[in-house]
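Enquirer: Quick one: the structure is below, questions incoming.
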Amino acid sequence: MKTETTVSDADLLRSMLAGDEDALGALYRRLHPSIYRFALQMSGSQALAEDVTQEVFMVLLRDGKSYDSKRGPLNWFLLGIARNLMRQRLGREQFYAPLADEQGELPSAVQTQQPSDPLTELSRHQTIEAVRKAVLSLPTRYREVVVLCELQELSYAEAAAVLNCAIGTVRSRLHRARAMLVEKMRPVEEGKAETSRVKAARCFA
Amino acid sequence: MKCEKFQAIAGQVARNEIMDADERAQAVAHAGVCKRCDDVLAAQNNLSDSLRSLAEDTKAASPTAGLEEKVLRAFRERTKVASISASSGRRRYWAAAAAAVVLLAFGIAAWRWQVASVQRQNQASSRQTPLPVNDPGRDAPPAALVNETPTPKSLIAVGPRTAKPRRHLRTKVERPEIAQQPEASSVPATPTETQEVVTHFVSLGYGNAFDLQDGVQMVRVDLPRSALARFGLPMNMDRADERIKADVLVGADGLARAIRFVQPADQPNIDLKPGNERNEQ
């Protein structure tokens, strides 16, 4: 009897489309982390990420027959669906301002780990929040490549397959996105430097 | 390496992408001598570190436990709906098939009933069609046509047809196949008819030939011999008092349309014009 790890995604998908609920469970457990992370990193909202993740699997239930294994792994197919859904949701919700309690809801590994050095962890947390905000402030087309290539660690070819564009497009967008992120992160770095200079002056005083 | 070239590949150097070793070495060397490009490379390295930290931070993020149950519940509902719709689809299929069979049976029955009724009408009309007195069976259809089952197309488009008279009533030649049909035998030819000599039909000017399409009857009459002169035929004035026979075509409206003169073959008193034919039988 095959275990979940030995059965390919395509076989699980076929079983799921035939009505096998266990196959859907196996597919969900195998593929949902990357989908959820992509949605979370794209939106910055846990609720929206969960909605999109659920919707991706609903689309898979409905249109799973349209998946062609020759065009890439099932994960890329689902990431492409998530990307389209996320674009729709972001376009719809750009007219709404988030509530105050939604802004700080992102789960952080910092909260779950035991801090070895409080100051180091605080600095790391500030850096993460700064880069998170910088990424979320990017235009969608640049944010997509940053999330896929930098945070999901996909190659240019894989990101191009997910985004359905040329590899050169991914490369140029990433170059442009990194330049924008550097510009957005500069005040933070300068602020850090300024703070350290102030501290130094106080020490010398 | 120039600064523009360095800044173009600074991101790739910071990401440790696979690139040409010489190019990477040149870029690192350029950063060592160019303060501005060194700052650019440092900023890119810091960005890569920050992004890596963010990726590690969100790597442990996971949705709430209820999400999987939501997806599975949606799957179960969808499967249930699909099975219900499939069974109702099969039911609709069989209902449509049964309806098609019933419609086909009704169509065939209606078609057969129509064919039968038209056949009955044809038979009735063929019995009621008046036949010419002196030319029995001339305009009746051949026996093969009478007994032939008409096609549905002709039945629908034309309807029951009655025997129509011929437009060119020129000769009195009886065709063999006509003589053999039952309607012809119902009006047997007299022995004298087979020995007559007739003239052309002469129009009487009470209508045109199209009026004959509605039906015509031929009536044998006796006329004074002087009537021959009226139609341009030669006449013996010494026998002007005698009577001669003539066939008059009477239309459906009762008006006489044409006339021809008849004489027995053993009394050649009328000078027939060339073209008149003697009966062969």
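Labeling convention for the structure tokens: chains A, B, ... as they appear, residues from 1 per chain, ligands from 1 in order of appearance.
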Excluding stretch 24-36 of chain B and any residue of its chain fewer than 3 positions from it, enumerate the residues within 10 Å of it, using only C-alpha atoms, and give them as a list in words.

Expert: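 The residues satisfying every condition are Met1, Lys2, Cys3, Lys5, Phe6, Gln7, Ile9, Ala10, Gln12, Val13, Asn16, Glu17, Ile18, Met19, Asp20, Ala21, Asp39, Val40, Leu41 and Ala42 of chain B.
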
Enquirer: Counting only C-alpha atoms, collect the residues of chain B whose closest atom lies at most 9 Å from chain A, and write them out as number ranges by chain.

Expert: B: 8-9, 11-12, 15, 40, 43-44, 46-48, 50-64, 67-68, 70-72, 74-76, 78-79

Enquirer: Please determine, counting only C-alpha atoms, which residue among A:Ala161, A:Met42, A:Ala177, A:Ala82 has the shortest atom-to-atom distance to A:Lys70.

Expert: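 Ranked by minimum distance to A:Lys70, first place goes to A:Ala161.
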
Enquirer: Mind checking which residues fall within 9 Å of A:Gly80, counting only C-alpha atoms, ignoring those fewer than 3 positions away in the same chain, and posting them as a list in words?

Expert: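 Near A:Gly80, the qualifying residues are Asn75, Trp76, Phe77, Arg83, Asn84, Leu85, Ala161, Val162, Leu163 and Asn164 of chain A.
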
Enquirer: Write the residues of the preceding selection, restricted to N, CA and C atoms, as an mmCIF file, in the first residue's frame.

Expert:
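Generated output (out.cif):
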```
data_model
loop_
_atom_site.group_PDB
_atom_site.id
_atom_site.type_symbol
_atom_site.label_atom_id
_atom_site.label_comp_id
_atom_site.auth_asym_id
_atom_site.auth_seq_id
_atom_site.Cartn_x
_atom_site.Cartn_y
_atom_site.Cartn_z
ATOM 1 N N ASN A 75 1.964 22.163 -7.470
ATOM 2 C CA ASN A 75 2.172 23.312 -6.588
ATOM 3 C C ASN A 75 2.218 24.618 -7.379
ATOM 4 N N TRP A 76 2.854 24.589 -8.560
ATOM 5 C CA TRP A 76 2.908 25.791 -9.382
ATOM 6 C C TRP A 76 1.502 26.166 -9.854
ATOM 7 N N PHE A 77 0.755 25.136 -10.210
ATOM 8 C CA PHE A 77 -0.622 25.370 -10.673
ATOM 9 C C PHE A 77 -1.441 26.058 -9.581
ATOM 10 N N ARG A 83 -2.303 33.292 -6.937
ATOM 11 C CA ARG A 83 -1.878 34.617 -7.401
ATOM 12 C C ARG A 83 -3.052 35.378 -8.045
ATOM 13 N N ASN A 84 -3.816 34.660 -8.863
ATOM 14 C CA ASN A 84 -4.968 35.323 -9.501
ATOM 15 C C ASN A 84 -6.022 35.713 -8.469
ATOM 16 N N LEU A 85 -6.286 34.808 -7.547
ATOM 17 C CA LEU A 85 -7.272 35.127 -6.513
ATOM 18 C C LEU A 85 -6.805 36.300 -5.659
ATOM 19 N N ALA A 161 6.924 30.344 -14.521
ATOM 20 C CA ALA A 161 5.814 29.412 -14.789
ATOM 21 C C ALA A 161 4.590 29.765 -13.947
ATOM 22 N N VAL A 162 4.816 30.149 -12.712
ATOM 23 C CA VAL A 162 3.685 30.512 -11.846
ATOM 24 C C VAL A 162 3.022 31.797 -12.330
ATOM 25 N N LEU A 163 3.858 32.767 -12.689
ATOM 26 C CA LEU A 163 3.322 34.064 -13.102
ATOM 27 C C LEU A 163 2.922 34.095 -14.564
ATOM 28 N N ASN A 164 3.252 33.003 -15.277
ATOM 29 C CA ASN A 164 2.890 32.909 -16.698
ATOM 30 C C ASN A 164 3.506 34.060 -17.493
#
```

Enquirer: Using atom CA of B:Ala265 and atom CA of B:Gln195 as the two end points, give the distance in Å to one decimal.

Expert: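 One can read the atom CA of B:Ala265 to atom CA of B:Gln195 distance as 5.3 Å.
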
Enquirer: If I take atom CA of A:Leu136 and atom CA of B:Ala65, how far is one from the other in Å, to one decimal?

Expert: 25.8 Å

Enquirer: At a cut-off of 7 Å, using only C-alpha atoms, what residues contact B:Arg220? Leave out same-chain residues fewer than 3 positions from it and give the result as a list of chain:residue names.

Expert: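 Residues meeting the cut-off are B:Lys245, B:Ala246, B:Asp247, B:Val248.
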
Enquirer: Those same residues - N, CA and C atoms - I'd like them written as a PDB file, in the first residue's frame.

Expert:
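File again_26.pdb, as written:
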```
ATOM      1  N   LYS B 245     -74.710  12.689 -86.810  1.00  0.00           N
ATOM      2  CA  LYS B 245     -74.325  12.615 -85.377  1.00  0.00           C
ATOM      3  C   LYS B 245     -73.099  13.514 -85.133  1.00  0.00           C
ATOM      4  N   ALA B 246     -73.044  14.030 -83.966  1.00  0.00           N
ATOM      5  CA  ALA B 246     -71.904  14.868 -83.563  1.00  0.00           C
ATOM      6  C   ALA B 246     -71.643  14.669 -82.060  1.00  0.00           C
ATOM      7  N   ASP B 247     -70.378  14.845 -81.715  1.00  0.00           N
ATOM      8  CA  ASP B 247     -69.990  14.805 -80.282  1.00  0.00           C
ATOM      9  C   ASP B 247     -69.729  16.233 -79.826  1.00  0.00           C
ATOM     10  N   VAL B 248     -70.367  16.636 -78.748  1.00  0.00           N
ATOM     11  CA  VAL B 248     -70.215  17.989 -78.219  1.00  0.00           C
ATOM     12  C   VAL B 248     -69.498  17.890 -76.863  1.00  0.00           C
TER      13      VAL B 248
END
```

Enquirer: Take atom CA of B:Asp38 and atom CA of A:Ser155 and report the distance between them in Å, one decimal.

Expert: 26.5 Å

Enquirer: List the neighbours of A:Leu12 out to 8 Å using only C-alpha atoms; skip same-chain residues closer than 3 positions along the sequence, and give me the result as an MDAnalysis selection string.

Expert: chainID A and resid 7:9 15:16 23:24 26:27

Enquirer: So that I have them on file, write out the residues from the current selection with C-alpha atoms, as a compact mmCIF listing (two decimals), in the first residue's frame.

Expert:
```
# COMPACT_ATOMS: atom_id res chain seq x y z
CA VAL A 7 2.00 8.94 -4.28
CA SER A 8 2.52 11.81 -6.70
CA ASP A 9 0.44 14.96 -6.61
CA SER A 15 -8.15 10.19 -6.83
CA MET A 16 -9.60 13.35 -5.38
CA ALA A 23 -6.67 12.10 -1.36
CA LEU A 24 -7.90 15.63 -0.86
CA ALA A 26 -3.29 14.35 1.64
CA LEU A 27 -3.07 17.01 -1.05
```

Enquirer: Within 10 Å of B:Ala256, counting only C-alpha atoms, which residues qualify if same-chain residues fewer than 4 places away don't, as a list in words?

Expert: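 Using only C-alpha atoms, the neighbours found are Ser203, Leu204, Gly205, Tyr206, Gly207, Val216, Gln217, Met218, Val219, Val248, Leu249, Val250, Gly251 and Ala252 of chain B.
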